[in-house]
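So this one's entry.pdb, PDB, C-alpha atoms (C1' of nucleotides):
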```
ATOM      1  CA  MET A   1       0.000   0.000   0.000  1.00  0.00           C
ATOM      2  CA  PRO A   2       1.183   3.485  -0.862  1.00  0.00           C
ATOM      3  CA  ALA A   3       2.228   5.251   2.252  1.00  0.00           C
ATOM      4  CA  LEU A   4       0.725   8.667   1.869  1.00  0.00           C
ATOM      5  CA  GLN A   5      -2.102  10.008  -0.270  1.00  0.00           C
ATOM      6  CA  GLU A   6      -3.986  13.221  -0.747  1.00  0.00           C
ATOM      7  CA  ALA A   7      -6.864  11.845   1.311  1.00  0.00           C
ATOM      8  CA  ASP A   8      -4.509  11.119   4.201  1.00  0.00           C
ATOM      9  CA  VAL A   9      -3.340  14.710   4.242  1.00  0.00           C
ATOM     10  CA  GLU A  10      -6.911  15.978   4.318  1.00  0.00           C
ATOM     11  CA  ARG A  11      -7.766  13.549   7.102  1.00  0.00           C
ATOM     12  CA  VAL A  12      -4.889  14.792   9.226  1.00  0.00           C
ATOM     13  CA  ARG A  13      -5.827  18.412   8.604  1.00  0.00           C
ATOM     14  CA  ALA A  14      -9.436  17.662   9.537  1.00  0.00           C
ATOM     15  CA  LEU A  15      -8.466  15.854  12.729  1.00  0.00           C
ATOM     16  CA  ILE A  16      -6.253  18.677  13.916  1.00  0.00           C
ATOM     17  CA  SER A  17      -8.914  21.230  13.062  1.00  0.00           C
ATOM     18  CA  ALA A  18     -11.289  19.208  15.234  1.00  0.00           C
ATOM     19  CA  VAL A  19      -9.192  19.766  18.352  1.00  0.00           C
ATOM     20  CA  PRO A  20     -10.974  22.389  20.454  1.00  0.00           C
ATOM     21  CA  ALA A  21      -9.153  25.429  21.795  1.00  0.00           C
ATOM     22  CA  GLY A  22      -7.610  24.907  25.198  1.00  0.00           C
ATOM     23  CA  ARG A  23      -6.812  21.282  24.419  1.00  0.00           C
ATOM     24  CA  VAL A  24      -3.872  19.606  22.724  1.00  0.00           C
ATOM     25  CA  THR A  25      -3.139  16.316  21.026  1.00  0.00           C
ATOM     26  CA  THR A  26       0.005  14.442  20.065  1.00  0.00           C
ATOM     27  CA  TYR A  27       1.581  13.640  16.701  1.00  0.00           C
ATOM     28  CA  GLY A  28       1.195   9.983  17.502  1.00  0.00           C
ATOM     29  CA  ASP A  29      -2.498  10.290  18.284  1.00  0.00           C
ATOM     30  CA  VAL A  30      -3.172  12.137  15.047  1.00  0.00           C
ATOM     31  CA  ALA A  31      -1.162   9.610  13.066  1.00  0.00           C
ATOM     32  CA  ARG A  32      -3.054   6.755  14.650  1.00  0.00           C
ATOM     33  CA  ALA A  33      -6.486   8.363  14.181  1.00  0.00           C
ATOM     34  CA  ALA A  34      -5.648   9.121  10.564  1.00  0.00           C
ATOM     35  CA  GLY A  35      -4.387   5.610   9.979  1.00  0.00           C
ATOM     36  CA  LEU A  36      -0.901   6.701   9.040  1.00  0.00           C
ATOM     37  CA  GLY A  37       1.081   4.653  11.509  1.00  0.00           C
ATOM     38  CA  ASN A  38       3.949   7.086  11.306  1.00  0.00           C
ATOM     39  CA  ALA A  39       3.895  10.154  13.516  1.00  0.00           C
ATOM     40  CA  ARG A  40       6.712  11.703  11.517  1.00  0.00           C
ATOM     41  CA  LEU A  41       4.392  12.152   8.577  1.00  0.00           C
ATOM     42  CA  VAL A  42       2.112  14.305  10.684  1.00  0.00           C
ATOM     43  CA  GLY A  43       5.007  16.664  11.258  1.00  0.00           C
ATOM     44  CA  TRP A  44       5.824  16.615   7.576  1.00  0.00           C
ATOM     45  CA  ILE A  45       2.231  17.452   6.647  1.00  0.00           C
ATOM     46  CA  LEU A  46       2.072  20.334   9.084  1.00  0.00           C
ATOM     47  CA  ARG A  47       5.344  21.675   7.741  1.00  0.00           C
ATOM     48  CA  THR A  48       4.120  21.657   4.162  1.00  0.00           C
ATOM     49  CA  ASP A  49       0.352  22.048   4.443  1.00  0.00           C
ATOM     50  CA  GLY A  50      -0.375  23.055   7.996  1.00  0.00           C
ATOM     51  CA  ALA A  51      -0.316  26.817   7.871  1.00  0.00           C
ATOM     52  CA  ASP A  52      -4.109  27.097   7.958  1.00  0.00           C
ATOM     53  CA  VAL A  53      -4.833  24.616  10.751  1.00  0.00           C
ATOM     54  CA  PRO A  54      -4.387  24.891  14.562  1.00  0.00           C
ATOM     55  CA  TRP A  55      -0.975  23.170  14.410  1.00  0.00           C
ATOM     56  CA  HIS A  56      -0.047  24.660  17.790  1.00  0.00           C
ATOM     57  CA  ARG A  57      -2.428  22.184  19.429  1.00  0.00           C
ATOM     58  CA  VAL A  58      -0.203  19.303  18.364  1.00  0.00           C
ATOM     59  CA  VAL A  59       2.649  18.367  20.691  1.00  0.00           C
ATOM     60  CA  ARG A  60       5.028  15.449  21.176  1.00  0.00           C
ATOM     61  CA  ALA A  61       4.052  12.258  22.991  1.00  0.00           C
ATOM     62  CA  ASP A  62       5.722  13.460  26.180  1.00  0.00           C
ATOM     63  CA  GLY A  63       4.200  16.922  25.999  1.00  0.00           C
ATOM     64  CA  THR A  64       7.367  18.706  24.881  1.00  0.00           C
ATOM     65  CA  LEU A  65       7.452  21.167  21.978  1.00  0.00           C
ATOM     66  CA  ALA A  66       9.822  21.199  19.011  1.00  0.00           C
ATOM     67  CA  PRO A  67      12.733  23.675  19.389  1.00  0.00           C
ATOM     68  CA  HIS A  68      11.922  25.955  16.440  1.00  0.00           C
ATOM     69  CA  LEU A  69       8.245  26.168  17.382  1.00  0.00           C
ATOM     70  CA  VAL A  70       8.375  26.391  21.131  1.00  0.00           C
ATOM     71  CA  GLN A  71       8.224  30.183  21.067  1.00  0.00           C
ATOM     72  CA  GLU A  72       5.215  30.676  18.844  1.00  0.00           C
ATOM     73  CA  GLN A  73       3.478  27.483  19.928  1.00  0.00           C
ATOM     74  CA  ALA A  74       3.795  28.207  23.636  1.00  0.00           C
ATOM     75  CA  ARG A  75       2.535  31.730  23.054  1.00  0.00           C
ATOM     76  CA  ARG A  76      -0.561  30.555  21.195  1.00  0.00           C
ATOM     77  CA  LEU A  77      -1.314  27.799  23.698  1.00  0.00           C
ATOM     78  CA  ARG A  78      -1.088  30.127  26.656  1.00  0.00           C
ATOM     79  CA  ALA A  79      -3.469  32.458  24.846  1.00  0.00           C
ATOM     80  CA  GLU A  80      -5.957  29.581  24.892  1.00  0.00           C
ATOM     81  CA  GLY A  81      -5.470  28.884  28.563  1.00  0.00           C
ATOM     82  CA  VAL A  82      -3.031  25.979  28.268  1.00  0.00           C
ATOM     83  CA  ALA A  83      -0.270  25.979  30.873  1.00  0.00           C
ATOM     84  CA  VAL A  84       3.148  25.696  29.228  1.00  0.00           C
ATOM     85  CA  ALA A  85       6.175  25.277  31.478  1.00  0.00           C
ATOM     86  CA  ALA A  86       9.737  24.500  30.418  1.00  0.00           C
ATOM     87  CA  ASP A  87       8.797  23.892  26.775  1.00  0.00           C
ATOM     88  CA  ARG A  88       6.209  21.340  27.762  1.00  0.00           C
ATOM     89  CA  VAL A  89       2.482  21.049  28.426  1.00  0.00           C
ATOM     90  CA  ARG A  90       0.690  18.857  30.930  1.00  0.00           C
ATOM     91  CA  LEU A  91      -0.870  16.220  28.719  1.00  0.00           C
ATOM     92  CA  PRO A  92      -2.990  14.554  31.444  1.00  0.00           C
ATOM     93  CA  GLN A  93      -4.800  17.863  31.796  1.00  0.00           C
ATOM     94  CA  HIS A  94      -5.163  19.141  28.238  1.00  0.00           C
ATOM     95  CA  ARG A  95      -4.847  16.073  26.040  1.00  0.00           C
ATOM     96  CA  HIS A  96      -7.696  15.657  23.563  1.00  0.00           C
ATOM     97  CA  ALA A  97      -8.817  12.104  22.779  1.00  0.00           C
ATOM     98  CA  PHE A  98      -9.752  11.252  19.200  1.00  0.00           C
ATOM     99  CA  PRO A  99     -12.515   8.737  18.559  1.00  0.00           C
ATOM    100  CA  ALA A 100     -10.951   5.367  17.791  1.00  0.00           C
TER     101      ALA A 100
ATOM    102  C1'  DG B   1      20.618   5.718  -6.997  1.00  0.00           C
ATOM    103  C1'  DA B   2      22.820   6.482  -2.225  1.00  0.00           C
ATOM    104  C1'  DG B   3      22.702   9.281   1.854  1.00  0.00           C
ATOM    105  C1'  DC B   4      21.172  12.779   5.099  1.00  0.00           C
ATOM    106  C1'  DT B   5      17.542  15.244   7.460  1.00  0.00           C
ATOM    107  C1'  DG B   6      13.323  15.965   9.955  1.00  0.00           C
ATOM    108  C1'  DA B   7       7.116  19.906  13.436  1.00  0.00           C
ATOM    109  C1'  DC B   8       8.192  11.754  15.900  1.00  0.00           C
ATOM    110  C1'  DA B   9       7.795   7.387  19.077  1.00  0.00           C
ATOM    111  C1'  DC B  10       9.700   4.042  22.018  1.00  0.00           C
ATOM    112  C1'  DG B  11      12.739   1.013  24.430  1.00  0.00           C
ATOM    113  C1'  DG B  12      17.371   0.946  26.933  1.00  0.00           C
ATOM    114  C1'  DC B  13      20.780   2.971  30.002  1.00  0.00           C
TER     115       DC B  13
ATOM    116  C1'  DC C   1      14.949  13.128  34.526  1.00  0.00           C
ATOM    117  C1'  DG C   2      18.075  13.040  30.321  1.00  0.00           C
ATOM    118  C1'  DC C   3      20.910  10.969  26.331  1.00  0.00           C
ATOM    119  C1'  DC C   4      21.151   7.368  22.536  1.00  0.00           C
ATOM    120  C1'  DG C   5      20.041   4.166  19.106  1.00  0.00           C
ATOM    121  C1'  DT C   6      16.439   2.183  15.909  1.00  0.00           C
ATOM    122  C1'  DG C   7      12.278   2.137  13.061  1.00  0.00           C
ATOM    123  C1'  DC C   8       9.342   4.803  10.260  1.00  0.00           C
ATOM    124  C1'  DC C   9       8.112   7.634   5.614  1.00  0.00           C
ATOM    125  C1'  DA C  10       8.818  11.531   2.494  1.00  0.00           C
ATOM    126  C1'  DG C  11      11.716  15.118   0.453  1.00  0.00           C
ATOM    127  C1'  DC C  12      16.269  17.114  -0.922  1.00  0.00           C
ATOM    128  C1'  DT C  13      21.098  17.058  -2.032  1.00  0.00           C
TER     129       DT C  13
END
```

Show the structure stored in the file as structure tokens.
Amino acid sequence: MPALQEADVERVRALISAVPAGRVTTYGDVARAAGLGNARLVGWILRTDGADVPWHRVVRADGTLAPHLVQEQARRLRAEGVAVAADRVRLPQHRHAFPA
DNA sequence: GAGCTGACACGGC
DNA sequence: CGCCGTGCCAGCT
């Protein structure tokens, strides 16, 4: 099976757009919900086609933020009421669960 | 065509 | 808690 298709990209974008403000999700969760199986692809999609989606609500599996985004991402999250300390968010509190 | 890089995850140490 | 190596897929030298 081909790894990535146009439909997959749209699915990922839709999933991320479905995350409500004040909550966050992880790359792994999005990948799993979209049926990708590879969290890295989620990052790739956001890098290329994620300018118009709430990408700041997507964090790593341990709650940390990527180095080049931490500034902007932390700023946007705090604006939504998400506590960000030491480049990391508290997943247990803000994590958004996708329907299986 | 080979190799490196990256908005990642996970198991070891 | 942190650092490292490995697996993963796509894009660029």

I need the output of the PyMOL selection byres ((chain A) within 8 of (chain C)) for this file as a ChimeraX atom specification; which residues are they?
/A:3,38,40-41,44

Might you spell out which residues the PyMOL selection byres ((chain B) within 8 of (chain A)) would select in the displayed file, as number ranges by chain?
B: 6-9

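Reported to one decimal place, the separation of atom CA of A:Val12 from atom CA of A:Gly63 is 19.2 Å.
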
Would you compute, for all listed atoms of stretch 2-7 of chain B, the axis-aligned bounding box grown by 3 Å on each side, and then report its centre and edge lengths in Å rounded to one decimal, as JSON?
```
{"center_x": 15.0, "center_y": 13.2, "center_z": 5.6, "size_x": 21.7, "size_y": 19.4, "size_z": 21.7}
```

Between atom CA of A:Ala51 and atom CA of A:Ala33, what is the spacing in Å?
20.5 Å

So how many Å separate atom CA of A:Gln93 and atom CA of A:Leu36, to one decimal?
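Atom-to-atom, atom CA of A:Gln93 to atom CA of A:Leu36, that is 25.6 Å.
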
Can you turn the PyMOL selection byres ((chain A and resi 18) around 12) into a concrete residue list for this file, as a PyMOL selection string?
chain A and resi 11-17+19-21+23-25+30+33+53-55+57-58+96-99
